[in-house]
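Okay, work25.cif is below, mmCIF, C-alpha atoms and all ligand atoms:
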```
data_final
#
loop_
_atom_site.label_atom_id
_atom_site.label_comp_id
_atom_site.auth_asym_id
_atom_site.auth_seq_id
_atom_site.Cartn_x
_atom_site.Cartn_y
_atom_site.Cartn_z
CA MET A 4 -25.06 11.64 -13.99
CA GLN A 5 -24.42 8.12 -15.28
CA ASP A 6 -21.89 9.48 -17.77
CA LYS A 7 -20.09 11.44 -15.07
CA LEU A 8 -19.97 8.40 -12.85
CA LYS A 9 -18.57 6.28 -15.64
CA ILE A 10 -15.83 8.80 -16.46
CA LEU A 11 -14.89 9.63 -12.88
CA SER A 12 -14.86 6.09 -11.53
CA ALA A 13 -12.75 4.91 -14.49
CA ALA A 14 -10.37 7.83 -13.93
CA ALA A 15 -9.82 6.83 -10.29
CA LYS A 16 -8.67 3.30 -10.98
CA TYR A 17 -4.97 4.11 -11.20
CA ASP A 18 -4.82 5.24 -7.59
CA VAL A 19 -4.15 2.20 -5.42
CA SER A 20 -3.75 3.96 -2.09
CA CYS A 21 -7.22 3.08 -0.88
CA SER A 22 -7.07 0.09 1.42
CA SER A 23 -9.31 0.90 4.33
CA SER A 24 -8.38 -0.23 7.76
CA GLY A 25 -7.91 0.94 11.27
CA SER A 26 -11.20 2.78 11.61
CA SER A 27 -13.32 2.41 14.71
CA ARG A 28 -15.98 4.94 13.74
CA SER A 29 -19.38 3.61 14.79
CA THR A 30 -22.86 4.65 13.67
CA PRO A 31 -23.76 8.08 15.04
CA LYS A 32 -27.08 8.26 16.90
CA GLY A 33 -29.80 8.64 14.30
CA GLY A 34 -27.21 8.36 11.51
CA MET A 35 -26.13 5.70 9.07
CA GLY A 36 -22.99 3.79 8.13
CA ASN A 37 -20.40 2.18 10.29
CA GLY A 38 -16.68 2.26 9.59
CA GLU A 39 -16.18 -0.35 12.28
CA ALA A 40 -18.39 -2.97 10.70
CA SER A 41 -17.12 -6.32 9.54
CA GLY A 42 -14.35 -6.14 6.99
CA ILE A 43 -14.41 -2.33 6.88
CA CYS A 44 -14.36 -2.26 3.11
CA HIS A 45 -11.60 -4.83 2.75
CA SER A 46 -12.22 -6.17 -0.67
CA PHE A 47 -9.59 -6.52 -3.32
CA THR A 48 -9.54 -7.52 -6.93
CA ASP A 49 -7.07 -10.25 -7.78
CA ASP A 50 -4.51 -7.62 -8.82
CA GLY A 51 -4.67 -6.19 -5.30
CA ARG A 52 -6.85 -3.15 -5.94
CA CYS A 53 -9.39 -2.22 -3.28
CA VAL A 54 -12.91 -2.25 -4.71
CA SER A 55 -15.45 -2.08 -1.94
CA LEU A 56 -15.40 1.68 -1.51
CA LEU A 57 -17.08 3.98 -3.95
CA LYS A 58 -13.84 5.03 -5.56
CA ILE A 59 -14.21 8.11 -7.70
CA LEU A 60 -12.65 11.39 -8.66
CA LEU A 61 -14.50 14.59 -7.94
CA SER A 62 -13.12 15.84 -11.25
CA ASN A 63 -10.79 14.59 -13.94
CA VAL A 64 -10.16 18.13 -15.13
CA CYS A 65 -6.59 18.99 -14.17
CA LEU A 66 -4.44 22.07 -14.43
CA PHE A 67 -1.31 19.99 -14.11
CA ASP A 68 0.40 17.95 -16.78
CA CYS A 69 2.04 14.99 -15.05
CA ALA A 70 3.58 12.79 -17.72
CA TYR A 71 2.33 9.49 -16.26
CA CYS A 72 -1.30 10.51 -15.68
CA SER A 73 -4.26 9.90 -17.97
CA ASN A 74 -5.97 13.02 -16.57
CA ARG A 75 -3.16 15.43 -17.41
CA ARG A 76 -4.32 18.63 -19.08
CA SER A 77 -2.70 17.85 -22.43
CA ASN A 78 -4.73 14.65 -22.92
CA ASP A 79 -7.77 14.89 -25.12
CA ILE A 80 -10.19 12.79 -23.07
CA PRO A 81 -13.82 13.18 -21.96
CA ARG A 82 -13.86 15.40 -18.87
CA ALA A 83 -16.37 15.62 -16.06
CA THR A 84 -16.74 17.24 -12.65
CA PHE A 85 -19.15 16.37 -9.88
CA ARG A 86 -20.65 18.95 -7.60
CA PRO A 87 -19.96 18.01 -3.97
CA SER A 88 -23.71 17.48 -3.43
CA GLU A 89 -23.77 14.96 -6.29
CA VAL A 90 -21.03 12.88 -4.66
CA VAL A 91 -22.85 13.06 -1.32
CA ASN A 92 -26.07 11.80 -2.94
CA LEU A 93 -24.22 9.00 -4.73
CA VAL A 94 -22.58 7.81 -1.52
CA LEU A 95 -25.88 7.81 0.37
CA GLU A 96 -27.71 6.09 -2.47
CA PHE A 97 -25.04 3.39 -2.92
CA TYR A 98 -24.75 2.91 0.81
CA ARG A 99 -28.50 2.41 1.23
CA ARG A 100 -28.41 -0.16 -1.54
CA ASN A 101 -25.64 -1.96 0.32
CA LEU A 102 -23.26 -1.59 -2.60
CA ILE A 103 -20.52 0.19 -0.70
CA GLU A 104 -19.26 0.68 2.80
CA GLY A 105 -17.54 3.97 2.25
CA LEU A 106 -15.94 6.44 -0.08
CA PHE A 107 -12.52 6.93 -1.60
CA LEU A 108 -12.44 10.41 -3.10
CA SER A 109 -9.64 11.99 -5.06
CA SER A 110 -9.58 14.64 -7.76
CA GLY A 111 -7.73 16.34 -10.55
CA ILE A 112 -6.85 19.93 -9.76
CA PHE A 113 -9.52 22.26 -11.12
CA GLY A 114 -9.68 26.01 -10.40
CA SER A 115 -6.81 25.91 -7.95
CA VAL A 116 -5.28 23.53 -5.42
CA ASP A 117 -7.32 25.00 -2.57
CA THR A 118 -10.56 25.20 -4.58
CA THR A 119 -10.20 21.48 -5.21
CA MET A 120 -9.29 20.65 -1.63
CA GLU A 121 -12.19 22.73 -0.37
CA ALA A 122 -14.62 20.78 -2.56
CA LEU A 123 -13.22 17.45 -1.30
CA VAL A 124 -13.59 18.60 2.29
CA ALA A 125 -17.14 19.81 1.57
CA VAL A 126 -18.16 16.28 0.52
CA ALA A 127 -16.80 14.72 3.71
CA ARG A 128 -18.16 17.49 5.93
CA THR A 129 -21.66 17.25 4.43
CA LEU A 130 -21.70 13.47 4.78
CA ARG A 131 -20.60 13.62 8.42
CA THR A 132 -22.46 16.65 9.70
CA GLU A 133 -25.65 16.83 7.62
CA HIS A 134 -26.23 13.13 7.00
CA ARG A 135 -24.48 11.73 10.06
CA PHE A 136 -22.69 9.27 7.84
CA GLY A 137 -20.49 6.93 9.86
CA GLY A 138 -19.06 4.91 6.96
CA TYR A 139 -15.42 4.94 5.95
CA ILE A 140 -14.10 8.00 4.15
CA HIS A 141 -10.68 8.16 2.55
CA LEU A 142 -9.86 11.62 1.21
CA LYS A 143 -6.97 12.36 -1.06
CA THR A 144 -5.08 15.47 0.00
CA ILE A 145 -4.08 17.64 -2.91
CA PRO A 146 -0.32 18.44 -2.92
CA GLY A 147 0.16 22.07 -1.88
CA ALA A 148 -3.22 22.34 -0.11
CA SER A 149 -3.35 24.92 2.66
CA PRO A 150 -2.83 23.66 6.23
CA GLU A 151 -6.28 24.93 7.27
CA LEU A 152 -7.99 22.73 4.69
CA VAL A 153 -5.83 19.73 5.60
CA ALA A 154 -6.79 20.29 9.23
CA GLN A 155 -10.48 20.30 8.29
CA ALA A 156 -10.10 17.19 6.12
CA GLY A 157 -8.65 15.30 9.09
CA LEU A 158 -11.75 16.03 11.17
CA TYR A 159 -14.08 14.29 8.72
CA ALA A 160 -12.00 11.60 7.00
CA ASP A 161 -10.98 8.24 8.44
CA ARG A 162 -7.87 8.21 6.35
CA LEU A 163 -6.00 10.88 4.45
CA SER A 164 -3.36 10.31 1.83
CA VAL A 165 -1.00 12.46 -0.16
CA ASN A 166 0.51 10.69 -3.11
CA ILE A 167 4.25 11.07 -3.56
CA GLU A 168 3.95 9.23 -6.89
CA ILE A 169 7.58 9.41 -8.03
CA PRO A 170 10.14 8.03 -5.54
CA SER A 171 12.74 10.79 -5.97
CA GLU A 172 12.40 14.54 -6.12
CA ALA A 173 14.47 14.70 -9.33
CA GLY A 174 12.18 12.11 -10.92
CA LEU A 175 9.10 14.02 -9.80
CA LYS A 176 10.43 17.30 -11.20
CA ASN A 177 11.11 15.59 -14.51
CA LEU A 178 7.71 13.91 -14.86
CA ALA A 179 5.50 16.34 -12.94
CA PRO A 180 7.15 19.76 -13.20
CA GLU A 181 4.31 21.54 -11.41
CA LYS A 182 4.88 19.46 -8.26
CA ASP A 183 7.75 19.21 -5.82
CA TYR A 184 8.45 17.26 -2.64
CA ALA A 185 7.65 20.28 -0.45
CA SER A 186 4.08 20.36 -1.79
CA VAL A 187 3.69 16.68 -0.86
CA PHE A 188 5.59 16.52 2.42
CA THR A 189 4.15 19.73 3.90
CA PRO A 190 0.56 18.36 4.05
CA MET A 191 1.91 14.93 4.99
CA ASN A 192 3.75 16.43 7.95
CA SER A 193 0.70 18.45 9.03
CA ILE A 194 -1.45 15.31 8.92
CA HIS A 195 1.14 13.55 11.07
CA GLN A 196 1.14 16.48 13.47
CA GLY A 197 -2.68 16.49 13.60
CA ILE A 198 -2.73 12.78 14.41
CA LEU A 199 -0.15 13.24 17.20
CA GLU A 200 -2.04 16.19 18.64
CA HIS A 201 -5.29 14.25 18.60
CA LYS A 202 -3.63 11.36 20.42
CA ALA A 203 -2.33 13.72 23.09
CA GLU A 204 -5.70 15.48 23.45
CA SER A 205 -7.64 12.22 23.61
CA LYS A 206 -5.63 11.25 26.68
CA ILE A 207 -6.89 14.39 28.40
CA SER A 208 -10.48 14.35 27.16
CA ARG A 209 -12.57 11.68 25.55
CA PHE A 210 -14.43 14.45 23.71
CA ALA A 211 -11.31 15.49 21.80
CA PRO A 212 -12.11 15.64 18.06
CA ARG A 213 -10.88 12.68 16.01
CA PHE A 214 -8.27 13.38 13.39
CA SER A 215 -7.77 10.94 10.53
CA PRO A 216 -8.16 7.98 12.91
CA ALA A 217 -7.04 5.41 10.33
CA GLY A 218 -3.86 7.38 9.73
CA GLN A 219 -2.39 8.34 6.38
CA SER A 220 -1.03 6.52 3.36
CA THR A 221 0.71 7.31 0.10
CA GLN A 222 1.32 5.81 -3.31
CA LEU A 223 4.61 5.36 -5.14
CA ILE A 224 4.65 4.64 -8.86
CA VAL A 225 7.23 2.00 -9.68
CA GLY A 226 9.00 1.91 -13.01
CA ALA A 227 8.05 5.29 -14.50
CA SER A 228 11.39 6.73 -13.35
CA PRO A 229 14.79 5.11 -12.80
CA GLU A 230 14.88 4.77 -8.99
CA SER A 231 16.15 1.45 -7.64
CA ASP A 232 14.29 -0.68 -5.12
CA LEU A 233 16.90 0.48 -2.60
CA GLN A 234 15.78 4.10 -3.11
CA ILE A 235 12.10 3.12 -3.00
CA LEU A 236 12.38 1.02 0.16
CA SER A 237 14.60 3.59 1.83
CA LEU A 238 11.93 6.23 1.17
CA ALA A 239 9.17 3.90 2.42
CA SER A 240 11.14 3.06 5.54
CA GLY A 241 11.53 6.78 6.29
CA LEU A 242 7.79 7.33 5.77
CA TYR A 243 6.91 4.55 8.20
CA GLY A 244 9.42 5.90 10.71
CA LYS A 245 9.24 9.68 10.50
CA GLN A 246 5.71 10.37 9.28
CA GLN A 247 4.38 7.10 10.75
CA LEU A 248 2.37 6.26 7.66
CA LYS A 249 -0.02 3.36 7.95
CA ARG A 250 0.66 2.13 4.44
CA VAL A 251 2.83 2.83 1.46
CA TYR A 252 1.27 1.50 -1.74
CA TYR A 253 3.38 0.55 -4.73
CA SER A 254 1.82 0.86 -8.14
CA GLY A 255 3.58 -0.70 -11.11
CA TYR A 256 3.69 1.99 -13.77
CA ILE A 257 0.96 1.50 -16.36
CA PRO A 258 1.80 3.31 -19.59
CA VAL A 259 -1.21 5.41 -20.56
CA ASN A 260 0.52 8.27 -22.40
CA ARG A 261 3.15 8.59 -25.04
CA ASP A 262 5.82 10.85 -23.64
CA ALA A 263 9.54 10.98 -24.36
CA ARG A 264 10.27 11.27 -20.62
CA LEU A 265 8.69 7.91 -19.89
CA PRO A 266 10.20 4.46 -20.38
CA THR A 267 8.84 2.13 -23.02
CA LEU A 268 7.42 -0.87 -21.21
CA LEU A 269 5.81 -3.89 -22.82
CA ARG A 270 3.80 -4.44 -19.68
CA PRO A 271 3.52 -2.94 -16.19
CA PRO A 272 6.20 -4.20 -13.78
CA LEU A 273 3.78 -6.26 -11.69
CA ARG A 274 6.42 -8.73 -10.51
CA ARG A 275 8.48 -5.83 -9.18
CA GLU A 276 5.41 -4.29 -7.56
CA ASN A 277 4.70 -7.61 -5.86
CA ARG A 278 8.28 -7.97 -4.60
CA LEU A 279 8.11 -4.45 -3.14
CA TYR A 280 4.89 -5.31 -1.31
CA GLN A 281 6.58 -8.44 0.08
CA ALA A 282 9.59 -6.40 1.22
CA ASP A 283 7.28 -3.79 2.73
CA TRP A 284 5.48 -6.58 4.62
CA LEU A 285 8.81 -7.84 5.96
CA MET A 286 9.71 -4.35 7.17
CA ARG A 287 6.36 -3.87 8.91
CA PHE A 288 5.81 -7.30 10.47
CA TYR A 289 9.11 -9.20 10.49
CA LYS A 290 11.44 -6.49 11.80
CA PHE A 291 13.56 -6.40 8.65
CA GLN A 292 15.38 -3.16 7.96
CA PHE A 293 15.20 -2.00 4.35
CA ASP A 294 18.99 -2.20 3.98
CA GLU A 295 18.96 -5.88 4.90
CA LEU A 296 16.77 -6.57 1.86
CA VAL A 297 18.55 -4.29 -0.60
CA ASP A 298 21.94 -2.62 -0.45
CA ASP A 299 24.52 -1.04 -2.70
CA LEU A 300 25.59 -4.48 -3.96
CA HIS A 301 21.98 -5.61 -4.52
CA PRO A 302 20.08 -2.36 -5.20
CA ASP A 303 17.07 -4.20 -6.63
CA LEU A 304 15.01 -7.04 -5.21
CA ASP A 305 15.53 -10.38 -6.90
CA PRO A 306 12.58 -10.78 -9.31
CA ASP A 307 12.73 -14.58 -9.11
CA LEU A 308 12.77 -14.97 -5.33
CA ASP A 309 10.64 -13.54 -2.59
CA PRO A 310 12.72 -11.06 -0.55
CA LYS A 311 12.81 -13.24 2.56
CA ALA A 312 14.20 -16.22 0.65
CA ALA A 313 16.66 -13.96 -1.19
CA TRP A 314 17.88 -12.56 2.14
CA ALA A 315 18.20 -16.05 3.63
CA LEU A 316 20.23 -17.34 0.69
CA ARG A 317 22.59 -14.38 1.05
CA HIS A 318 23.14 -15.30 4.71
CA PRO A 319 24.23 -18.94 4.84
CA GLU A 320 25.90 -18.24 8.19
CA ARG A 321 22.40 -17.91 9.75
CA PHE A 322 21.10 -21.31 8.52
CA PRO A 323 19.95 -23.98 9.03
CA VAL A 324 17.89 -22.93 12.05
CA ASP A 325 17.27 -25.41 14.85
CA VAL A 326 13.54 -25.08 15.52
CA ASN A 327 13.96 -26.20 19.12
CA ARG A 328 16.69 -23.75 20.06
CA ALA A 329 16.29 -20.63 17.93
CA ASP A 330 14.65 -17.52 19.35
CA LEU A 331 11.44 -16.06 17.92
CA GLU A 332 13.21 -13.45 15.78
CA THR A 333 15.43 -16.08 14.17
CA ILE A 334 12.50 -18.38 13.42
CA LEU A 335 10.59 -15.42 11.94
CA ARG A 336 13.32 -15.08 9.37
CA VAL A 337 12.91 -18.59 8.01
CA PRO A 338 11.20 -18.56 4.59
CA GLY A 339 7.82 -20.27 4.75
CA VAL A 340 7.31 -19.38 8.42
CA GLY A 341 4.77 -16.64 9.16
CA VAL A 342 4.36 -14.58 12.31
CA ARG A 343 1.62 -16.83 13.71
CA SER A 344 3.55 -20.02 12.91
CA ALA A 345 6.71 -18.68 14.55
CA LYS A 346 4.78 -17.89 17.73
CA LEU A 347 3.15 -21.33 17.70
CA ILE A 348 6.56 -23.00 17.36
CA VAL A 349 7.97 -21.12 20.34
CA GLU A 350 4.80 -21.80 22.34
CA GLY A 351 4.77 -25.47 21.27
CA ARG A 352 8.32 -26.00 22.59
CA ARG A 353 7.04 -25.51 26.13
CA HIS A 354 5.22 -28.81 25.80
CA GLY A 355 8.07 -30.84 24.33
CA ALA A 356 10.38 -30.94 21.34
CA VAL A 357 8.90 -29.63 18.10
CA ARG A 358 9.45 -32.09 15.26
CA MET A 359 9.39 -31.44 11.55
CA GLU A 360 6.07 -33.27 11.25
CA HIS A 361 4.45 -30.81 13.71
CA LEU A 362 5.31 -27.78 11.63
CA LYS A 363 2.62 -28.20 9.02
CA ARG A 364 0.00 -28.08 11.78
CA PHE A 365 1.54 -24.78 12.91
CA GLY A 366 0.92 -23.34 9.44
CA VAL A 367 4.51 -23.56 8.19
CA VAL A 368 4.87 -23.94 4.42
CA LEU A 369 7.21 -26.90 4.69
CA LYS A 370 8.13 -26.96 1.04
CA ARG A 371 9.75 -23.54 1.47
CA ALA A 372 10.92 -23.85 5.07
CA ARG A 373 12.48 -27.34 5.09
CA PRO A 374 15.82 -26.37 3.45
CA PHE A 375 16.33 -23.70 6.12
CA LEU A 376 15.54 -25.85 9.16
CA TYR A 377 17.45 -28.47 11.07
CA ASP A 378 15.88 -31.23 13.11
CA PRO A 379 18.28 -34.02 14.11
CA PHE A 380 15.40 -36.52 14.17
CA ALA A 381 14.00 -35.72 10.75
CA ILE A 382 15.07 -37.35 7.53
CA GLY A 383 16.08 -34.88 4.88
CA THR A 384 17.28 -31.99 7.04
CA TYR A 385 21.00 -31.25 6.97
CA ARG A 386 23.43 -29.20 8.97
CA ASP A 387 25.23 -28.01 5.87
CA PHE A 388 23.46 -25.21 4.04
CA ARG A 389 24.07 -24.80 0.32
CA PRO A 390 22.30 -21.79 -1.20
CA GLU A 391 23.17 -22.89 -4.75
CA ARG A 392 21.17 -26.10 -4.24
CA ILE A 393 18.22 -24.36 -2.60
CA ARG A 394 17.75 -21.45 -4.99
CA PRO A 395 16.35 -23.52 -7.90
CA LEU A 396 13.81 -25.07 -5.51
CA LEU A 397 12.41 -21.67 -4.55
CA ALA A 398 12.76 -19.56 -7.68
CA SER A 399 9.50 -18.58 -9.41
CA PRO A 400 8.96 -18.63 -13.19
CA SER A 401 9.99 -15.50 -14.99
CA GLU A 402 7.63 -12.54 -15.41
CA SER A 403 7.15 -13.11 -19.12
CA THR A 404 4.86 -16.07 -18.50
CA GLN A 405 2.56 -14.24 -16.10
CA LEU A 406 1.05 -11.04 -17.29
CA SER A 407 -1.61 -11.86 -19.82
CA LEU A 408 -4.00 -9.30 -18.30
CA PHE A 409 -1.93 -6.42 -19.64
CA HIS A 410 -0.80 -7.80 -22.95
CA GLN A 411 -3.21 -5.39 -24.70
CA PRO A 412 -1.75 -1.98 -25.56
CA LEU A 413 -2.71 0.53 -22.87
CA LEU A 414 -1.92 3.84 -24.52
CA LEU A 415 -4.73 6.36 -24.49
CA THR A 416 -3.23 8.95 -26.75
CA ALA A 417 -1.84 8.66 -30.23
S1 LIG B 1 -2.06 16.49 -10.50
FE1 LIG B 1 -2.89 14.43 -10.24
S2 LIG B 1 -4.66 14.35 -11.62
FE2 LIG B 1 -3.45 16.12 -12.24
S3 LIG B 1 -2.13 15.37 -13.89
FE3 LIG B 1 -0.96 15.20 -11.97
S4 LIG B 1 -1.35 13.12 -11.22
FE4 LIG B 1 -2.93 13.59 -12.78
#
```
Would you mind writing the structure in this file as C-alpha cells?
Amino acid sequence: MQDKLKILSAAAKYDVSCSSSGSSRSTPKGGMGNGEASGICHSFTDDGRCVSLLKILLSNVCLFDCAYCSNRRSNDIPRATFRPSEVVNLVLEFYRRNLIEGLFLSSGIFGSVDTTMEALVAVARTLRTEHRFGGYIHLKTIPGASPELVAQAGLYADRLSVNIEIPSEAGLKNLAPEKDYASVFTPMNSIHQGILEHKAESKISRFAPRFSPAGQSTQLIVGASPESDLQILSLASGLYGKQQLKRVYYSGYIPVNRDARLPTLLRPPLRRENRLYQADWLMRFYKFQFDELVDDLHPDLDPDLDPKAAWALRHPERFPVDVNRADLETILRVPGVGVRSAKLIVEGRRHGAVRMEHLKRFGVVLKRARPFLYDPFAIGTYRDFRPERIRPLLASPSESTQLSLFHQPLLLTA
C-alpha cells in the first residue's frame, strides 16, 4: 500500500488543476468532513501547486501515449493501480488524522475510458453515500467518458475538471494522437449543462441534487507546443465565457520524456506561466479583454513586465490618471492598484481630496503606481507620461537568474 501511495501521489504532481474553492458542502448528519470549513483546502507550495488535498492517481497505467506525460504507455516506469476501496480508506484515514481536507483524484486510462471513469465515480460515490463524507472532492473527468458517468460524477464531486492540456487541436493531435478536442469539450459541455440545470432546479426546489457545486476547471500545458499567448488567452477567455469555467490553470511544460515532437527546454517556462496567471487574473477581476493584453502585433506577453504594466505602457494616451477624477474602471487599470485599493480610493474621495500620501494606506504599491498617477499637490508626479522612462523602473530581472529549482535534468527516460 505504501509503495502504491508513493507511486500514485508522485505521478499526480504534474496536474495543477486542483485549487479547491467555491464549495459550501457542510458536514452531513452523522457524517464527517466539511468542504465549507476554513480555507477549504487552500494551501499552495511556493511554486503555486495546491497541496492540502490528498492528490493521487487511481492508476498510472495508461493505454494512451501522450508525448508530454510521464505515465504514457511507452515509458518504462513502476506502475500501480488502487482499488476504489483502497482510495476510500486512505481518504478516511488521512482525514481522521487531520492531514487532509479532501481529495483530488485523477487517473491514467486503464481498461477503457469508461472503466476508468466508473472507478473514479465509485470512489466519490462510496465516500459520499456509504461514509457520508462531506470533505472536498475534485474528480478528474477522463476525456471521452460517457455522459451518464459524467452526470454521476457531478452528483458526488465538488469540482470536476477535464484537462485540455494542449492549447490547440493541431498541437493536441500531434502530441496526444489518441485524443481530440471533441473528447475533451463534450464532457466539458455536459458538465456545464449539468451545472446550469442544477441552478435552474434549485430555484424550484431546495431538494434539487447538487451538481459539481464548485464548478469545473481545466489545465493548459504551456510551452510543449508552439501556441502563442494570444492563442492561449483567447482559448481561456472562451472557456470562461462559453463553458463558464471557474479556473483555467497554466502549467509550464516540464520535460519528462525524450520525444522528437517536443521542444528542447533547459528549464520549464515558469516566467511565462506566471505572466499567463497574471493575465488570467486581469481578465477575471479587472475587466480586461484578452485582446487588450495580447494582439497580432504583440502575440506573447512581455516576459519582463507584468501584463498590466505592459498594457499601460502601450497606452500612454490613458495616463497619467488623476486619482481624484478618474472613474473606478480607470483607476483599476493603474499598475500597483488592486481591486480593494481602487474601491477605497473612490470611497475615500467622498470625504475629501485623495492625496498621494494617502494611497499607501489604501494598499496601493506606490513604487509601481506613482509613474501612472497625477496629483497636482504631490512632488514627483508629472502630467507628461514617458513610457521609455518608466519601463526600466518596472522591468523584472530576466528568467535566467530565477529558476534554480529546475536546474537539475528532469528527463525520466533515456
Ligand atoms: S491520457 Fe493522461 S495519463 Fe494517459 S498518457 Fe495521456 S496525459 Fe498521461
Counting all atoms listed in the file, the residue of A:Ile140, A:Ala211, A:Ile167, A:Val251 that sits nearest ligand LIG 1 (chain B):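 Closest candidate: A:Ile167.
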Using all atoms listed in the file, the best pick from A:Ala345, A:Leu300, A:Ala70, A:Leu102 as closest to Asp330 of chain A would be A:Ala345
Produce a table with one row for each residue of chain A that has an atom at most 10 Å from any atom of ligand LIG 1 (chain B), each row naming the nearest atom pair and its distance in Å at one decimal; use only C-alpha atoms and all ligand atoms; arrange rows by chain and rising residue number; format as a tab-separated table.
```
residue	atom	partner	partner_atom	distance
A:Ala14	CA	B:LIG1	S2	9.0
A:Ala15	CA	B:LIG1	S2	9.2
A:Tyr17	CA	B:LIG1	S4	9.7
A:Asp18	CA	B:LIG1	S4	9.3
A:Leu60	CA	B:LIG1	S2	9.0
A:Ser62	CA	B:LIG1	S2	8.6
A:Asn63	CA	B:LIG1	S2	6.6
A:Val64	CA	B:LIG1	S2	7.5
A:Cys65	CA	B:LIG1	FE2	4.7
A:Leu66	CA	B:LIG1	FE2	6.4
A:Phe67	CA	B:LIG1	S3	4.7
A:Asp68	CA	B:LIG1	S3	4.6
A:Cys69	CA	B:LIG1	FE3	4.3
A:Ala70	CA	B:LIG1	S3	7.3
A:Tyr71	CA	B:LIG1	S4	7.2
A:Cys72	CA	B:LIG1	FE4	4.5
A:Ser73	CA	B:LIG1	FE4	6.5
A:Asn74	CA	B:LIG1	FE4	4.9
A:Arg75	CA	B:LIG1	S3	3.7
A:Arg76	CA	B:LIG1	S3	6.5
A:Ser77	CA	B:LIG1	S3	8.9
A:Asn78	CA	B:LIG1	S3	9.4
A:Ser109	CA	B:LIG1	S2	8.6
A:Ser110	CA	B:LIG1	S2	6.3
A:Gly111	CA	B:LIG1	S2	3.8
A:Ile112	CA	B:LIG1	FE2	5.7
A:Phe113	CA	B:LIG1	FE2	8.7
A:Val116	CA	B:LIG1	S1	9.3
A:Ile145	CA	B:LIG1	S1	7.9
A:Pro146	CA	B:LIG1	S1	8.0
A:Asn166	CA	B:LIG1	S4	8.7
A:Ile167	CA	B:LIG1	S4	9.7
A:Glu168	CA	B:LIG1	S4	7.9
A:Leu178	CA	B:LIG1	FE3	9.2
A:Ala179	CA	B:LIG1	FE3	6.6
A:Pro180	CA	B:LIG1	FE3	9.4
A:Glu181	CA	B:LIG1	S1	8.2
A:Lys182	CA	B:LIG1	S1	7.9
```
Enumerate, as a list in words, the protein, DNA and RNA residues whose atoms approach (16.8, 9.8, -3.4) to within 12 Å, taking into account all atoms listed in the file and the coordinate frame of the file. Ile169, Pro170, Ser171, Glu172, Ala173, Gly174, Leu175, Tyr184, Ser228, Pro229, Glu230, Ser231, Asp232, Leu233, Gln234, Ile235, Leu236, Ser237, Leu238, Ala239 and Gly241 of chain A
Residue neighbourhood Tyr289 of chain A, 8 Å, only C-alpha atoms, exclusion window fewer than 4 positions, as a list in words: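 The neighbour list is Trp284, Leu285, Glu332, Leu335, Arg336 and Val342 of chain A.
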Hey, can you spit out that residue selection with C-alpha atoms as a PDB file, keeping the file's coordinate frame?
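Wrote again28.pdb, looks like this:
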```
ATOM      1  CA  TRP A 284       5.480  -6.580   4.620  1.00  0.00           C
ATOM      2  CA  LEU A 285       8.810  -7.840   5.960  1.00  0.00           C
ATOM      3  CA  GLU A 332      13.210 -13.450  15.780  1.00  0.00           C
ATOM      4  CA  LEU A 335      10.590 -15.420  11.940  1.00  0.00           C
ATOM      5  CA  ARG A 336      13.320 -15.080   9.370  1.00  0.00           C
ATOM      6  CA  VAL A 342       4.360 -14.580  12.310  1.00  0.00           C
TER       7      VAL A 342
END
```
So how far away is atom CA of Arg373 of chain A from atom CA of Pro338 of chain A, in Å? 8.9 Å
So how far away is atom CA of Asn92 of chain A from atom CA of His134 of chain A, in Å?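 Pair atom CA of His134 of chain A / atom CA of Asn92 of chain A returns 10.0 Å.
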Atom CA of Val357 of chain A and atom CA of Phe375 of chain A, how far apart in Å?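 Between these atoms lies a distance of 15.3 Å.
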Contacts of Arg371 of chain A at 8 Å or less, counting all atoms listed in the file, minus same-chain residues fewer than 2 places along, as a VMD selection string? chain A and resid 338 to 339 368 to 369 373 to 374 397
Within 6 Å of (-5.2, 8.8, 2.6) (file coordinates; all atoms listed in the file), which protein or nucleic acid residues are there? I'd like them as a PDB file with C-alpha atoms, in the frame of the given file.
```pdb
ATOM      1  CA  HIS A 141     -10.680   8.160   2.550  1.00  0.00           C
ATOM      2  CA  LEU A 142      -9.860  11.620   1.210  1.00  0.00           C
ATOM      3  CA  LYS A 143      -6.970  12.360  -1.060  1.00  0.00           C
ATOM      4  CA  ARG A 162      -7.870   8.210   6.350  1.00  0.00           C
ATOM      5  CA  LEU A 163      -6.000  10.880   4.450  1.00  0.00           C
ATOM      6  CA  SER A 164      -3.360  10.310   1.830  1.00  0.00           C
ATOM      7  CA  GLN A 219      -2.390   8.340   6.380  1.00  0.00           C
ATOM      8  CA  SER A 220      -1.030   6.520   3.360  1.00  0.00           C
TER       9      SER A 220
END
```
The residue from A:Leu158, A:Leu11, A:Val124, A:Leu57 with the smallest atom-to-atom distance to Gly197 of chain A, counting only C-alpha atoms, is A:Leu158
